[in-house]
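K.L.:
Next up, protein-v5.txt (compact mmCIF, C-alpha atoms).
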# COMPACT_ATOMS: atom_id res chain seq x y z
CA MET A 1 75.25 110.35 100.29
CA THR A 2 78.07 111.72 102.47
CA THR A 3 81.43 112.14 100.75
CA THR A 4 84.54 111.97 102.91
CA LEU A 5 88.23 112.58 102.27
CA ILE A 6 90.83 111.03 104.58
CA THR A 7 94.48 112.03 104.29
CA GLY A 8 97.08 109.33 104.90
CA ALA A 9 94.44 106.67 104.45
CA ASN A 10 96.29 103.87 102.69
CA LYS A 11 97.18 102.23 106.04
CA GLY A 12 96.77 102.38 109.80
CA LEU A 13 94.15 104.58 111.40
CA GLY A 14 93.25 106.20 108.10
CA PHE A 15 92.55 102.86 106.43
CA GLU A 16 90.46 101.60 109.34
CA THR A 17 88.53 104.87 109.50
CA ALA A 18 87.82 104.58 105.77
CA ARG A 19 86.61 101.01 106.22
CA ARG A 20 84.24 101.99 109.01
CA LEU A 21 82.82 105.03 107.24
CA ILE A 22 82.26 103.10 104.02
CA ALA A 23 80.33 100.55 106.08
CA ALA A 24 78.29 103.48 107.44
CA GLY A 25 77.38 104.54 103.91
CA HIS A 26 80.00 107.19 103.13
CA THR A 27 81.69 107.58 99.77
CA VAL A 28 85.35 107.78 100.79
CA TYR A 29 88.38 109.23 99.05
CA VAL A 30 91.56 107.53 100.22
CA GLY A 31 94.24 110.21 100.21
CA SER A 32 97.75 108.83 99.77
CA ARG A 33 101.07 110.39 98.78
CA ASP A 34 101.96 107.15 96.97
CA ALA A 35 99.66 106.53 94.00
CA GLY A 36 100.24 102.77 93.92
CA ARG A 37 99.61 102.19 97.61
CA GLY A 38 96.60 104.44 97.51
CA ARG A 39 95.12 102.55 94.58
CA VAL A 40 95.65 99.17 96.27
CA ALA A 41 94.07 100.43 99.50
CA ALA A 42 91.11 101.97 97.68
CA GLU A 43 90.48 98.76 95.75
CA ALA A 44 90.55 96.74 98.97
CA LEU A 45 88.10 99.11 100.62
CA GLY A 46 85.79 99.95 97.77
CA ALA A 47 86.89 103.57 98.00
CA ARG A 48 88.12 106.21 95.57
CA PRO A 49 91.89 106.79 95.42
CA VAL A 50 93.27 110.31 95.24
CA LEU A 51 96.95 111.25 95.10
CA LEU A 52 97.51 113.68 97.95
CA ASP A 53 100.81 114.73 99.55
CA VAL A 54 99.88 117.14 102.35
CA THR A 55 103.31 118.80 102.14
CA ASP A 56 102.93 119.75 98.47
CA ASP A 57 100.76 122.66 97.33
CA ALA A 58 100.32 121.37 93.78
CA SER A 59 99.35 117.89 94.98
CA VAL A 60 96.74 119.26 97.37
CA ALA A 61 95.32 121.61 94.72
CA ALA A 62 95.05 118.76 92.22
CA ALA A 63 93.32 116.57 94.80
CA ALA A 64 90.81 119.33 95.50
CA LYS A 65 89.98 119.53 91.80
CA THR A 66 89.55 115.75 91.63
CA VAL A 67 87.15 115.70 94.58
CA GLU A 68 85.23 118.69 93.24
CA ALA A 69 84.81 116.96 89.89
CA GLY A 70 83.55 113.90 91.73
CA GLY A 71 80.66 115.82 93.26
CA GLY A 72 82.03 117.72 96.25
CA LEU A 73 82.93 117.05 99.88
CA ASP A 74 81.09 116.80 103.19
CA VAL A 75 83.71 115.48 105.61
CA LEU A 76 87.46 116.13 105.77
CA ILE A 77 89.62 114.01 108.07
CA ASN A 78 93.14 115.38 108.50
CA ASN A 79 94.79 112.13 109.52
CA ALA A 80 98.23 112.20 107.85
CA GLY A 81 100.99 112.67 110.40
CA ILE A 82 104.52 111.77 111.42
CA GLU A 83 106.25 111.42 114.78
CA GLY A 84 109.88 111.62 113.70
CA ARG A 85 111.53 108.82 115.64
CA ALA A 86 115.28 108.18 115.67
CA ARG A 87 116.84 105.55 113.43
CA ASP A 88 116.89 103.08 116.31
CA GLY A 89 113.15 103.54 116.78
CA GLY A 90 113.44 105.59 119.95
CA VAL A 91 111.83 108.94 120.66
CA VAL A 92 114.15 111.91 120.15
CA GLY A 93 114.35 113.92 123.37
CA ALA A 94 114.91 117.62 123.95
CA ALA A 95 118.71 117.41 123.74
CA GLY A 96 118.56 115.83 120.30
CA THR A 97 115.79 117.98 118.86
CA THR A 98 116.85 120.36 116.09
CA ALA A 99 115.09 123.13 114.23
CA ASP A 100 115.24 121.04 111.06
CA MET A 101 113.50 118.16 112.84
CA MET A 102 110.81 120.48 114.14
CA ARG A 103 110.34 121.97 110.67
CA GLU A 104 109.92 118.55 109.04
CA ILE A 105 107.31 117.42 111.54
CA PHE A 106 105.41 120.70 111.47
CA GLU A 107 105.38 120.59 107.65
CA THR A 108 103.24 117.46 107.75
CA ASN A 109 101.38 117.71 111.04
CA VAL A 110 100.55 121.42 111.12
CA PHE A 111 101.17 123.09 107.78
CA GLY A 112 99.72 120.02 106.07
CA VAL A 113 96.49 120.38 108.05
CA VAL A 114 96.25 124.07 107.15
CA ARG A 115 97.19 123.46 103.50
CA VAL A 116 94.56 120.76 103.03
CA THR A 117 91.85 122.52 105.03
CA HIS A 118 92.37 125.76 103.11
CA ALA A 119 92.17 123.98 99.75
CA PHE A 120 88.98 122.10 100.61
CA LEU A 121 87.11 124.86 102.46
CA PRO A 122 85.26 126.00 99.34
CA LEU A 123 83.91 122.47 98.84
CA LEU A 124 83.02 122.03 102.50
CA GLN A 125 81.12 125.30 102.58
CA ARG A 126 78.86 124.02 99.80
CA SER A 127 77.89 121.00 101.92
CA ALA A 128 74.66 120.96 103.93
CA ALA A 129 76.45 119.40 106.92
CA PRO A 130 80.23 119.93 106.66
CA VAL A 131 82.60 118.34 109.15
CA VAL A 132 86.35 118.51 109.75
CA VAL A 133 88.16 116.08 112.04
CA ASN A 134 91.77 116.85 112.92
CA VAL A 135 93.63 113.86 114.31
CA SER A 136 95.55 115.21 117.29
CA SER A 137 97.11 113.38 120.25
CA GLY A 138 96.80 113.15 124.00
CA LEU A 139 100.35 114.52 124.02
CA ALA A 140 98.94 117.81 122.73
CA SER A 141 97.35 118.45 126.12
CA LEU A 142 99.52 120.74 128.26
CA THR A 143 97.47 119.63 131.24
CA ARG A 144 98.30 115.96 130.64
CA VAL A 145 101.94 116.46 129.73
CA THR A 146 102.56 118.41 132.96
CA ALA A 147 100.80 115.87 135.20
CA HIS A 148 103.56 114.10 137.15
CA GLY A 149 103.58 110.32 137.13
CA THR A 150 101.59 109.89 133.92
CA PRO A 151 102.64 108.36 130.58
CA ALA A 152 102.19 111.76 128.92
CA TYR A 153 104.55 113.39 131.43
CA ALA A 154 107.14 110.68 130.78
CA TYR A 155 107.14 111.19 126.99
CA PRO A 156 110.48 112.88 126.18
CA GLY A 157 109.80 114.13 122.66
CA VAL A 158 109.45 117.81 121.78
CA ALA A 159 108.53 118.11 118.11
CA TYR A 160 105.54 115.76 117.93
CA PRO A 161 103.66 117.04 121.01
CA ALA A 162 104.34 120.64 119.98
CA SER A 163 102.97 119.99 116.51
CA LYS A 164 99.78 118.45 117.87
CA THR A 165 99.28 121.30 120.35
CA ALA A 166 99.48 123.60 117.33
CA VAL A 167 96.86 121.44 115.59
CA ASN A 168 94.56 121.97 118.57
CA MET A 169 94.93 125.75 118.30
CA VAL A 170 94.32 125.60 114.54
CA THR A 171 91.17 123.57 115.26
CA VAL A 172 89.79 126.10 117.73
CA GLN A 173 90.49 129.11 115.52
CA TYR A 174 88.99 127.51 112.41
CA ALA A 175 85.93 126.45 114.39
CA LYS A 176 85.34 130.03 115.49
CA ALA A 177 85.88 131.36 111.98
CA PHE A 178 83.52 128.85 110.34
CA PRO A 179 80.60 128.24 112.72
CA ASN A 180 78.66 126.40 110.00
CA ILE A 181 81.31 123.62 109.96
CA ARG A 182 81.74 121.14 112.81
CA ILE A 183 85.53 121.23 113.37
CA ASN A 184 87.06 119.15 116.16
CA ALA A 185 90.36 117.62 117.25
CA VAL A 186 90.50 114.01 118.40
CA GLU A 187 92.91 111.82 120.36
CA PRO A 188 92.78 108.24 119.04
CA GLY A 189 94.96 106.88 121.85
CA TYR A 190 98.28 105.06 121.78
CA THR A 191 97.58 102.91 118.73
CA ALA A 192 99.99 100.43 117.15
CA THR A 193 100.77 101.96 113.74
CA ASP A 194 103.79 102.67 111.58
CA LEU A 195 103.87 106.20 113.04
CA ASN A 196 105.19 104.92 116.37
CA GLY A 197 106.99 101.83 115.11
CA ARG A 198 103.98 99.73 116.16
CA THR A 199 104.76 100.30 119.83
CA GLY A 200 101.19 101.37 120.59
CA THR A 201 99.09 99.42 123.06
CA GLN A 202 95.75 99.42 121.28
CA THR A 203 94.46 98.27 117.90
CA VAL A 204 93.55 100.43 114.93
CA GLU A 205 89.94 99.38 115.47
CA GLU A 206 90.06 100.93 118.94
CA GLY A 207 91.96 103.99 117.77
CA ALA A 208 89.62 104.74 114.90
CA GLU A 209 86.54 104.80 117.13
CA ILE A 210 86.68 108.49 118.08
CA ILE A 211 87.63 109.55 114.55
CA VAL A 212 84.65 107.72 113.09
CA ARG A 213 82.34 109.08 115.77
CA MET A 214 83.34 112.70 115.24
CA ALA A 215 83.22 112.32 111.45
CA GLN A 216 79.50 111.63 111.81
CA VAL A 217 78.44 114.53 114.03
CA GLY A 218 75.44 116.47 112.82
CA PRO A 219 74.95 120.23 112.40
CA ASP A 220 73.97 120.49 116.08
CA GLY A 221 77.05 118.56 117.22
CA PRO A 222 80.07 119.98 119.06
CA THR A 223 82.65 122.17 117.39
CA GLY A 224 85.99 123.60 118.49
CA GLY A 225 86.48 120.70 120.90
CA TYR A 226 89.15 118.15 121.80
CA PHE A 227 87.91 114.62 122.40
CA ASP A 228 88.85 111.01 123.02
CA VAL A 229 86.54 108.01 123.36
CA GLU A 230 85.75 108.94 126.95
CA GLY A 231 84.75 112.53 126.23
CA THR A 232 86.27 116.01 126.36
CA LEU A 233 90.01 116.33 127.04
CA PRO A 234 91.73 119.16 128.91
CA TRP A 235 93.75 121.58 126.82
Write the structure described by the file as structure tokens, please.
P.N.:
Amino acid sequence: MTTTLITGANKGLGFETARRLIAAGHTVYVGSRDAGRGRVAAEALGARPVLLDVTDDASVAAAAKTVEAGGGLDVLINNAGIEGRARDGGVVGAAGTTADMMREIFETNVFGVVRVTHAFLPLLQRSAAPVVVNVSSGLASLTRVTAHGTPAYAYPGVAYPASKTAVNMVTVQYAKAFPNIRINAVEPGYTATDLNGRTGTQTVEEGAEIIVRMAQVGPDGPTGGYFDVEGTLPW
């Protein structure tokens, strides 16, 4: 039996990924920073709830102990993330970006990934086929964001793309450091979720496809890569 932990899994892409992996036979821990919402989501899915705030050391440490007591971990999906839109729902551009805004977004999107990965590495290293999936973004690609006339080029935000580019670097460096673990970054696509005020153009079912696929790679699968549903993405 494969045991999987998904951060930010009480809704959106995390919830759909949990649903799909449970259908594939995984035992899934639904990580949620809100205990009530996590419990409701887990009950709806047939999953195990675990209180997990990726920005809080004590919360992450407690979650690791819970999962260890439950038998260990094979797959970690770092899904929790924020975009940091303005109050009117618009994307904050370069002129409006502050250090505090950057810090808040990096705390969840980057430091949260490192905090959670670090805490669960001992459990993953005990698995026969450990996997880590870091949910990145197409906006993390410097190649895409500098391609004139594309949606990525037109995106005005600074903090969110920068945080996801950092996630890609974290992915590559961890993959090199732990060659026994399949560690990859994925781009789910512009999916309608609370993260972007439901402005995305595809469904969570479509967005979860690459996450689910990479969560099920075997020991001979790729590692240190950056993928969407079509294949490898340019850095």
K.L.:
Go through A:Pro188, A:Gly231, A:Gly8, A:Pro130 one by one, measure the shortest atom-to-atom distance of each to Leu73 (chain A) using all atoms listed in the file, and give the residue with the smallest value.
P.N.:
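Closest residue, counting all atoms listed in the file: A:Pro130.
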K.L.:
Taking all atoms listed in the file into account, which of A:Ala42, A:Leu76, A:Val28, A:Val113 comes nearest Gln125 (chain A)?
P.N.:
A:Leu76
K.L.:
Using only C-alpha atoms, which of the listed residues (A:Ile210, A:Ile181, A:Ala80, A:Ala64) sits closest to Phe120 (chain A)?
P.N.:
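Looking only at the distances to Phe120 (chain A), the closest residue turns out to be A:Ala64.
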K.L.:
Rank A:Asn10, A:His118, A:Ile77, A:Lys65 by their smallest atom-to-atom distance to Arg39 (chain A), using only C-alpha atoms, and report the top residue only.
P.N.:
A:Asn10
K.L.:
Just give me the gap between CA of Gly31 (chain A) and CA of Arg103 (chain A) in Å, one decimal is fine.
P.N.:
22.5 Å
K.L.:
Dump as an MDAnalysis selection string all residues having an atom at most 12 Å from (80.1, 120.2, 121.8), computed in the file's coordinates with all atoms listed in the file.
P.N.:
chainID A and resid 175 182:185 214 217:227 231:233
K.L.:
Have a look at A:Val131, A:Val50, A:Ala177, A:Ala140 and name the one nearest to Gly189 (chain A); count all atoms listed in the file.
P.N.:
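Using all atoms listed in the file, Gly189 (chain A) sits closest to A:Ala140.
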K.L.:
One decimal, Å: what's the distance from CA of Thr165 (chain A) over to CA of Val145 (chain A), could you say?
P.N.:
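Value for the CA of Thr165 (chain A)-CA of Val145 (chain A) distance: 10.9 Å.
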K.L.:
To one decimal place, how far is CA of Ile105 (chain A) from CA of Ser141 (chain A) in Å?
P.N.:
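Atom-to-atom, CA of Ile105 (chain A) and CA of Ser141 (chain A) are spaced 17.7 Å apart.
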